[in-house]
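Trainee: Have a peek at protein36.pdb (PDB, N, CA and C atoms).
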ATOM      1  N   MET A   9     104.578 -67.944  96.528
ATOM      2  CA  MET A   9     103.830 -69.187  96.565
ATOM      3  C   MET A   9     103.975 -69.784  97.963
ATOM      4  N   ALA A  10     102.908 -70.300  98.490
ATOM      5  CA  ALA A  10     102.923 -70.887  99.831
ATOM      6  C   ALA A  10     103.387 -72.331  99.789
ATOM      7  N   SER A  11     103.767 -72.826 100.943
ATOM      8  CA  SER A  11     104.160 -74.230 101.060
ATOM      9  C   SER A  11     102.956 -75.128 100.803
ATOM     10  N   VAL A  12     103.240 -76.314 100.295
ATOM     11  CA  VAL A  12     102.171 -77.250  99.969
ATOM     12  C   VAL A  12     102.514 -78.631 100.520
ATOM     13  N   ILE A  13     101.479 -79.365 100.912
ATOM     14  CA  ILE A  13     101.622 -80.770 101.286
ATOM     15  C   ILE A  13     100.991 -81.551 100.142
ATOM     16  N   ARG A  14     101.821 -82.278  99.401
ATOM     17  CA  ARG A  14     101.385 -82.983  98.182
ATOM     18  C   ARG A  14     101.270 -84.470  98.488
ATOM     19  N   VAL A  15     100.071 -85.018  98.323
ATOM     20  CA  VAL A  15      99.787 -86.405  98.673
ATOM     21  C   VAL A  15      99.755 -87.272  97.423
ATOM     22  N   HIS A  16     100.566 -88.326  97.442
ATOM     23  CA  HIS A  16     100.599 -89.343  96.386
ATOM     24  C   HIS A  16     100.010 -90.616  96.994
ATOM     25  N   ILE A  17      99.047 -91.223  96.324
ATOM     26  CA  ILE A  17      98.395 -92.424  96.847
ATOM     27  C   ILE A  17      99.082 -93.657  96.292
ATOM     28  N   GLN A  18      99.619 -94.478  97.167
ATOM     29  CA  GLN A  18     100.355 -95.679  96.790
ATOM     30  C   GLN A  18      99.405 -96.703  96.163
ATOM     31  N   GLY A  19      99.911 -97.367  95.113
ATOM     32  CA  GLY A  19      99.152 -98.455  94.512
ATOM     33  C   GLY A  19      98.157 -98.042  93.462
ATOM     34  N   GLN A  20      98.077 -96.759  93.145
ATOM     35  CA  GLN A  20      97.175 -96.311  92.093
ATOM     36  C   GLN A  20      97.972 -96.018  90.840
ATOM     37  N   ALA A  21      97.332 -96.215  89.709
ATOM     38  CA  ALA A  21      97.987 -95.927  88.431
ATOM     39  C   ALA A  21      98.325 -94.445  88.353
ATOM     40  N   GLU A  22      99.388 -94.119  87.640
ATOM     41  CA  GLU A  22      99.838 -92.721  87.506
ATOM     42  C   GLU A  22      98.706 -91.816  87.042
ATOM     43  N   ALA A  23      97.911 -92.282  86.112
ATOM     44  CA  ALA A  23      96.825 -91.450  85.580
ATOM     45  C   ALA A  23      95.808 -91.095  86.659
ATOM     46  N   GLU A  24      95.637 -91.975  87.650
ATOM     47  CA  GLU A  24      94.663 -91.738  88.706
ATOM     48  C   GLU A  24      95.167 -90.730  89.740
ATOM     49  N   THR A  25      96.460 -90.551  89.858
ATOM     50  CA  THR A  25      96.998 -89.640  90.877
ATOM     51  C   THR A  25      97.719 -88.451  90.250
ATOM     52  N   SER A  26      97.533 -88.221  88.980
ATOM     53  CA  SER A  26      98.188 -87.106  88.315
ATOM     54  C   SER A  26      97.149 -86.042  87.977
ATOM     55  N   PRO A  27      97.228 -84.844  88.514
ATOM     56  CA  PRO A  27      98.238 -84.417  89.472
ATOM     57  C   PRO A  27      97.938 -84.967  90.866
ATOM     58  N   PRO A  28      98.958 -85.009  91.728
ATOM     59  CA  PRO A  28      98.724 -85.445  93.113
ATOM     60  C   PRO A  28      97.764 -84.484  93.810
ATOM     61  N   LEU A  29      97.321 -84.858  94.975
ATOM     62  CA  LEU A  29      96.393 -84.025  95.740
ATOM     63  C   LEU A  29      97.184 -83.033  96.572
ATOM     64  N   ASP A  30      96.889 -81.753  96.427
ATOM     65  CA  ASP A  30      97.607 -80.700  97.146
ATOM     66  C   ASP A  30      96.776 -80.164  98.303
ATOM     67  N   PHE A  31      97.439 -80.007  99.448
ATOM     68  CA  PHE A  31      96.833 -79.466 100.648
ATOM     69  C   PHE A  31      97.768 -78.414 101.232
ATOM     70  N   ASN A  32      97.287 -77.667 102.235
ATOM     71  CA  ASN A  32      98.174 -76.755 102.953
ATOM     72  C   ASN A  32      98.234 -77.175 104.420
ATOM     73  N   LEU A  33      99.074 -76.537 105.166
ATOM     74  CA  LEU A  33      99.293 -76.919 106.559
ATOM     75  C   LEU A  33      98.007 -76.813 107.384
ATOM     76  N   ALA A  34      97.183 -75.831 107.093
ATOM     77  CA  ALA A  34      95.928 -75.674 107.833
ATOM     78  C   ALA A  34      95.004 -76.872 107.637
ATOM     79  N   ASP A  35      95.080 -77.516 106.476
ATOM     80  CA  ASP A  35      94.256 -78.706 106.229
ATOM     81  C   ASP A  35      94.607 -79.845 107.174
ATOM     82  N   PHE A  36      95.821 -79.816 107.738
ATOM     83  CA  PHE A  36      96.273 -80.840 108.669
ATOM     84  C   PHE A  36      96.383 -80.281 110.090
ATOM     85  N   ALA A  37      95.536 -79.308 110.403
ATOM     86  CA  ALA A  37      95.471 -78.704 111.737
ATOM     87  C   ALA A  37      96.823 -78.151 112.182
ATOM     88  N   GLY A  38      97.614 -77.665 111.222
ATOM     89  CA  GLY A  38      98.897 -77.059 111.541
ATOM     90  C   GLY A  38     100.005 -78.049 111.856
ATOM     91  N   GLN A  39      99.784 -79.331 111.603
ATOM     92  CA  GLN A  39     100.770 -80.370 111.914
ATOM     93  C   GLN A  39     101.293 -81.004 110.630
ATOM     94  N   LEU A  40     102.608 -81.204 110.558
ATOM     95  CA  LEU A  40     103.172 -81.924 109.420
ATOM     96  C   LEU A  40     102.988 -83.420 109.645
ATOM     97  N   PRO A  41     102.321 -84.108 108.741
ATOM     98  CA  PRO A  41     102.142 -85.552 108.901
ATOM     99  C   PRO A  41     103.484 -86.282 108.933
ATOM    100  N   GLN A  42     103.569 -87.288 109.797
ATOM    101  CA  GLN A  42     104.761 -88.114 109.980
ATOM    102  C   GLN A  42     104.482 -89.518 109.455
ATOM    103  N   VAL A  43     105.536 -90.259 109.162
ATOM    104  CA  VAL A  43     105.384 -91.661 108.796
ATOM    105  C   VAL A  43     104.672 -92.369 109.945
ATOM    106  N   GLY A  44     103.656 -93.147 109.598
ATOM    107  CA  GLY A  44     102.865 -93.858 110.599
ATOM    108  C   GLY A  44     101.580 -93.153 110.977
ATOM    109  N   ASP A  45     101.469 -91.856 110.679
ATOM    110  CA  ASP A  45     100.228 -91.142 110.963
ATOM    111  C   ASP A  45      99.099 -91.690 110.099
ATOM    112  N   VAL A  46      97.891 -91.582 110.606
ATOM    113  CA  VAL A  46      96.697 -92.001 109.884
ATOM    114  C   VAL A  46      95.864 -90.755 109.603
ATOM    115  N   VAL A  47      95.413 -90.630 108.358
ATOM    116  CA  VAL A  47      94.684 -89.453 107.901
ATOM    117  C   VAL A  47      93.327 -89.885 107.359
ATOM    118  N   ALA A  48      92.285 -89.177 107.730
ATOM    119  CA  ALA A  48      90.965 -89.388 107.141
ATOM    120  C   ALA A  48      90.904 -88.553 105.858
ATOM    121  N   PRO A  49      90.814 -89.194 104.691
ATOM    122  CA  PRO A  49      90.791 -88.426 103.443
ATOM    123  C   PRO A  49      89.562 -87.523 103.372
ATOM    124  N   PRO A  50      89.666 -86.403 102.662
ATOM    125  CA  PRO A  50      88.508 -85.537 102.527
ATOM    126  C   PRO A  50      87.397 -86.239 101.746
ATOM    127  N   PRO A  51      86.146 -85.854 101.971
ATOM    128  CA  PRO A  51      85.035 -86.460 101.248
ATOM    129  C   PRO A  51      85.235 -86.367  99.737
ATOM    130  N   GLY A  52      84.886 -87.435  99.043
ATOM    131  CA  GLY A  52      84.970 -87.449  97.588
ATOM    132  C   GLY A  52      86.325 -87.814  97.037
ATOM    133  N   VAL A  53      87.309 -88.093  97.900
ATOM    134  CA  VAL A  53      88.646 -88.458  97.430
ATOM    135  C   VAL A  53      88.805 -89.964  97.566
ATOM    136  N   GLY A  54      89.077 -90.631  96.457
ATOM    137  CA  GLY A  54      89.208 -92.085  96.480
ATOM    138  C   GLY A  54      87.850 -92.748  96.479
ATOM    139  N   ALA A  55      87.878 -94.059  96.594
ATOM    140  CA  ALA A  55      86.634 -94.819  96.559
ATOM    141  C   ALA A  55      86.438 -95.574  97.859
ATOM    142  N   GLY A  56      85.218 -95.583  98.331
ATOM    143  CA  GLY A  56      84.880 -96.408  99.480
ATOM    144  C   GLY A  56      85.300 -95.835 100.816
ATOM    145  N   ASP A  57      85.170 -96.680 101.810
ATOM    146  CA  ASP A  57      85.447 -96.316 103.193
ATOM    147  C   ASP A  57      86.889 -96.707 103.527
ATOM    148  N   HIS A  58      87.778 -95.726 103.627
ATOM    149  CA  HIS A  58      89.182 -96.020 103.883
ATOM    150  C   HIS A  58      89.854 -94.876 104.613
ATOM    151  N   LEU A  59      91.026 -95.158 105.145
ATOM    152  CA  LEU A  59      91.905 -94.158 105.744
ATOM    153  C   LEU A  59      93.207 -94.170 104.967
ATOM    154  N   TRP A  60      94.008 -93.122 105.145
ATOM    155  CA  TRP A  60      95.348 -93.073 104.560
ATOM    156  C   TRP A  60      96.361 -93.263 105.682
ATOM    157  N   GLU A  61      97.310 -94.145 105.463
ATOM    158  CA  GLU A  61      98.430 -94.301 106.389
ATOM    159  C   GLU A  61      99.675 -93.760 105.702
ATOM    160  N   VAL A  62     100.374 -92.827 106.350
ATOM    161  CA  VAL A  62     101.570 -92.215 105.761
ATOM    162  C   VAL A  62     102.713 -93.231 105.816
ATOM    163  N   VAL A  63     103.265 -93.580 104.628
ATOM    164  CA  VAL A  63     104.338 -94.576 104.572
ATOM    165  C   VAL A  63     105.687 -93.968 104.186
ATOM    166  N   TYR A  64     105.690 -92.742 103.670
ATOM    167  CA  TYR A  64     106.944 -92.122 103.237
ATOM    168  C   TYR A  64     106.710 -90.627 103.126
ATOM    169  N   ARG A  65     107.744 -89.841 103.431
ATOM    170  CA  ARG A  65     107.644 -88.401 103.188
ATOM    171  C   ARG A  65     108.991 -87.868 102.734
ATOM    172  N   MET A  66     108.943 -86.830 101.903
ATOM    173  CA  MET A  66     110.154 -86.224 101.374
ATOM    174  C   MET A  66     109.941 -84.711 101.303
ATOM    175  N   PHE A  67     110.939 -83.973 101.746
ATOM    176  CA  PHE A  67     110.882 -82.514 101.685
ATOM    177  C   PHE A  67     111.518 -82.019 100.390
ATOM    178  N   ASP A  68     110.857 -81.079  99.736
ATOM    179  CA  ASP A  68     111.351 -80.408  98.539
ATOM    180  C   ASP A  68     111.345 -78.916  98.890
ATOM    181  N   PRO A  69     112.487 -78.374  99.377
ATOM    182  CA  PRO A  69     112.491 -77.059 100.008
ATOM    183  C   PRO A  69     112.293 -75.846  99.110
ATOM    184  N   GLY A  70     112.381 -75.950  97.815
ATOM    185  CA  GLY A  70     112.290 -74.760  96.978
ATOM    186  C   GLY A  70     113.617 -74.013  96.978
ATOM    187  N   LEU A  71     113.659 -72.826  96.377
ATOM    188  CA  LEU A  71     114.922 -72.110  96.184
ATOM    189  C   LEU A  71     115.154 -70.938  97.125
ATOM    190  N   ALA A  72     114.102 -70.372  97.689
ATOM    191  CA  ALA A  72     114.263 -69.208  98.560
ATOM    192  C   ALA A  72     113.070 -69.146  99.508
ATOM    193  N   PHE A  73     113.100 -68.187 100.403
ATOM    194  CA  PHE A  73     112.011 -68.040 101.355
ATOM    195  C   PHE A  73     110.665 -68.034 100.644
ATOM    196  N   ASP A  74     109.781 -68.943 101.062
ATOM    197  CA  ASP A  74     108.424 -69.045 100.519
ATOM    198  C   ASP A  74     108.415 -69.205  99.000
ATOM    199  N   ALA A  75     109.364 -69.997  98.485
ATOM    200  CA  ALA A  75     109.472 -70.180  97.034
ATOM    201  C   ALA A  75     108.871 -71.499  96.581
ATOM    202  N   GLY A  76     107.742 -71.856  97.144
ATOM    203  CA  GLY A  76     107.072 -73.060  96.689
ATOM    204  C   GLY A  76     107.605 -74.332  97.292
ATOM    205  N   SER A  77     107.943 -74.299  98.578
ATOM    206  CA  SER A  77     108.403 -75.525  99.221
ATOM    207  C   SER A  77     107.273 -76.546  99.266
ATOM    208  N   CYS A  78     107.671 -77.817  99.330
ATOM    209  CA  CYS A  78     106.687 -78.886  99.238
ATOM    210  C   CYS A  78     107.094 -80.042 100.143
ATOM    211  N   LEU A  79     106.138 -80.560 100.896
ATOM    212  CA  LEU A  79     106.321 -81.812 101.610
ATOM    213  C   LEU A  79     105.535 -82.851 100.827
ATOM    214  N   ARG A  80     106.227 -83.839 100.290
ATOM    215  CA  ARG A  80     105.572 -84.896  99.511
ATOM    216  C   ARG A  80     105.327 -86.091 100.431
ATOM    217  N   LEU A  81     104.075 -86.548 100.447
ATOM    218  CA  LEU A  81     103.702 -87.711 101.243
ATOM    219  C   LEU A  81     103.256 -88.837 100.333
ATOM    220  N   VAL A  82     103.667 -90.049 100.642
ATOM    221  CA  VAL A  82     103.103 -91.238 100.008
ATOM    222  C   VAL A  82     102.219 -91.877 101.067
ATOM    223  N   VAL A  83     100.956 -92.096 100.718
ATOM    224  CA  VAL A  83     100.016 -92.701 101.650
ATOM    225  C   VAL A  83      99.497 -94.019 101.086
ATOM    226  N   ARG A  84      99.200 -94.949 101.988
ATOM    227  CA  ARG A  84      98.634 -96.239 101.607
ATOM    228  C   ARG A  84      97.183 -96.255 102.101
ATOM    229  N   PRO A  85      96.217 -96.395 101.186
ATOM    230  CA  PRO A  85      94.829 -96.500 101.639
ATOM    231  C   PRO A  85      94.595 -97.858 102.302
ATOM    232  N   ARG A  86      93.817 -97.846 103.373
ATOM    233  CA  ARG A  86      93.475 -99.089 104.054
ATOM    234  C   ARG A  86      92.134 -98.911 104.763
ATOM    235  N   PRO A  87      91.429-100.019 104.979
ATOM    236  CA  PRO A  87      90.163 -99.904 105.707
ATOM    237  C   PRO A  87      90.424 -99.567 107.174
ATOM    238  N   PRO A  88      89.511 -98.853 107.806
ATOM    239  CA  PRO A  88      89.690 -98.536 109.226
ATOM    240  C   PRO A  88      89.447 -99.774 110.094
ATOM    241  N   SER A  89      90.146 -99.829 111.224
ATOM    242  CA  SER A  89      89.902-100.893 112.206
ATOM    243  C   SER A  89      88.564-100.604 112.892
ATOM    244  N   ALA A  90      88.091-101.560 113.671
ATOM    245  CA  ALA A  90      86.839-101.362 114.407
ATOM    246  C   ALA A  90      86.958-100.170 115.360
ATOM    247  N   ASP A  91      88.100-100.044 116.040
ATOM    248  CA  ASP A  91      88.312 -98.911 116.949
ATOM    249  C   ASP A  91      88.326 -97.581 116.200
ATOM    250  N   GLU A  92      88.999 -97.555 115.044
ATOM    251  CA  GLU A  92      89.044 -96.321 114.242
ATOM    252  C   GLU A  92      87.649 -95.968 113.731
ATOM    253  N   ARG A  93      86.903 -96.964 113.315
ATOM    254  CA  ARG A  93      85.536 -96.730 112.830
ATOM    255  C   ARG A  93      84.667 -96.133 113.941
ATOM    256  N   ALA A  94      84.800 -96.665 115.161
ATOM    257  CA  ALA A  94      84.043 -96.146 116.299
ATOM    258  C   ALA A  94      84.468 -94.721 116.644
ATOM    259  N   PHE A  95      85.776 -94.467 116.567
ATOM    260  CA  PHE A  95      86.309 -93.135 116.870
ATOM    261  C   PHE A  95      85.783 -92.091 115.878
ATOM    262  N   LEU A  96      85.727 -92.463 114.592
ATOM    263  CA  LEU A  96      85.273 -91.544 113.556
ATOM    264  C   LEU A  96      83.753 -91.439 113.498
ATOM    265  N   GLY A  97      83.070 -92.468 113.996
ATOM    266  CA  GLY A  97      81.632 -92.626 113.904
ATOM    267  C   GLY A  97      80.823 -91.462 114.214
TER     268      GLY A  97
END
I need this file expressed as structure tokens, please.

Mentor:
Amino acid sequence: MASVIRVHIQGQAEAETSPPLDFNLADFAGQLPQVGDVVAPPPGVGAGDHLWEVVYRMFDPGLAFDAGSCLRLVVRPRPPSADERAFLG
């Protein structure tokens, strides 16, 4: 099993985020998201025009080489600033 980046959205009811959203490293351009990073959610995820800000991360290493390790991220959805909107535009 390959490593996974599992995203939990802060402030949503458990039923809305169960199961969490799973991604792989390639989905993040080969970079592990850090606290404070801002992520543009994929189309169709969540409601409205928003970005994700990483507020917490936890590593779950698994038991052996490539045994399903997981980086768990908690993200806070927020509207983009005017500069972010122009950058993404």

Trainee: Find the distance between CA of Val15 (chain A) and CA of Asp91 (chain A) and write it in Å to one decimal.

Mentor: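 Computed distance, CA of Val15 (chain A) to CA of Asp91 (chain A), equals 24.9 Å.
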
Trainee: Could you tell me how far atom C of Met66 (chain A) lies from atom N of Pro49 (chain A), in Å and to one decimal?

Mentor: 19.9 Å

Trainee: Counting all atoms listed in the file, which of A:Val47, A:Tyr64, A:Leu59, A:Ser11 gets nearest to Pro85 (chain A)?

Mentor: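 Of A:Val47, A:Tyr64, A:Leu59, A:Ser11, the one nearest Pro85 (chain A) is A:Leu59, counting all atoms listed in the file.
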
Trainee: With distances taken over only N, CA and C atoms, which residue among A:Pro50, A:Ala90, A:Arg84, A:Asn32 lies nearest Val63 (chain A)?

Mentor: A:Arg84

Trainee: Mind pulling up the distance from CA of Leu40 (chain A) to atom N of Gly70 (chain A)?

Mentor: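 Interatomic distance here is 16.0 Å.
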
Trainee: To test your reading of the syntax: which residues would the PyMOL selection byres ((chain A and resi 30) around 5) return for the file shown? Reply as a list in words.

Mentor: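 Taken over the shown coordinates, the PyMOL selection byres ((chain A and resi 30) around 5) returns Ile13, Arg14, Val15, Pro28, Leu29, Phe31 and Asn32 of chain A.
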
Trainee: Residues of region 29-75 of chain A in strand (DSSP E or B) according to DSSP, as JSON, numbers by chain?

Mentor: {"A": [29, 30, 31, 46, 47, 59, 60, 61, 62, 63, 64, 65, 66, 67, 68]}

Trainee: I'd like the neighbourhood of Leu33 (chain A) as a list in words, where a residue qualifies if any of its atoms comes within 10 Å (using only C-alpha atoms), though same-chain residues fewer than 4 positions away should be ignored.

Mentor: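 Answer for this query is Ala10, Ser11, Val12, Ile13, Ala37, Gly38, Gln39, Leu40, Pro41 and Leu79 of chain A.
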
Trainee: Would you please work out which residue, of A:Arg86, A:Gly76, A:Val43, A:Ala34, is nearest to His58 (chain A) when using only N, CA and C atoms?

Mentor: A:Arg86

Trainee: Enclose region 28-37 of chain A, meaning all of its atoms listed in the file, in a box aligned along x, y and z, pad it by 6 Å on each side, and list the centre and edge lengths in Å to one decimal, as JSON.

Mentor:
{"center_x": 96.8, "center_y": -80.6, "center_z": 102.0, "size_x": 17.0, "size_y": 21.8, "size_z": 32.5}

Trainee: Would you mind telling me which residue in A:Gly97, A:Glu92, A:Ile17, A:Ser77 lies nearest to Val53 (chain A) when using only C-alpha atoms?

Mentor: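 Answer, going by the shortest atom-to-atom distance: A:Ile17.
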
Trainee: Measuring atom to atom with all atoms listed in the file, identify which of A:Asp35, A:Asp45, A:Glu61, A:Asp68 is nearest to Val83 (chain A).

Mentor: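 Looking at the shortest contact to Val83 (chain A), the residue is A:Glu61.
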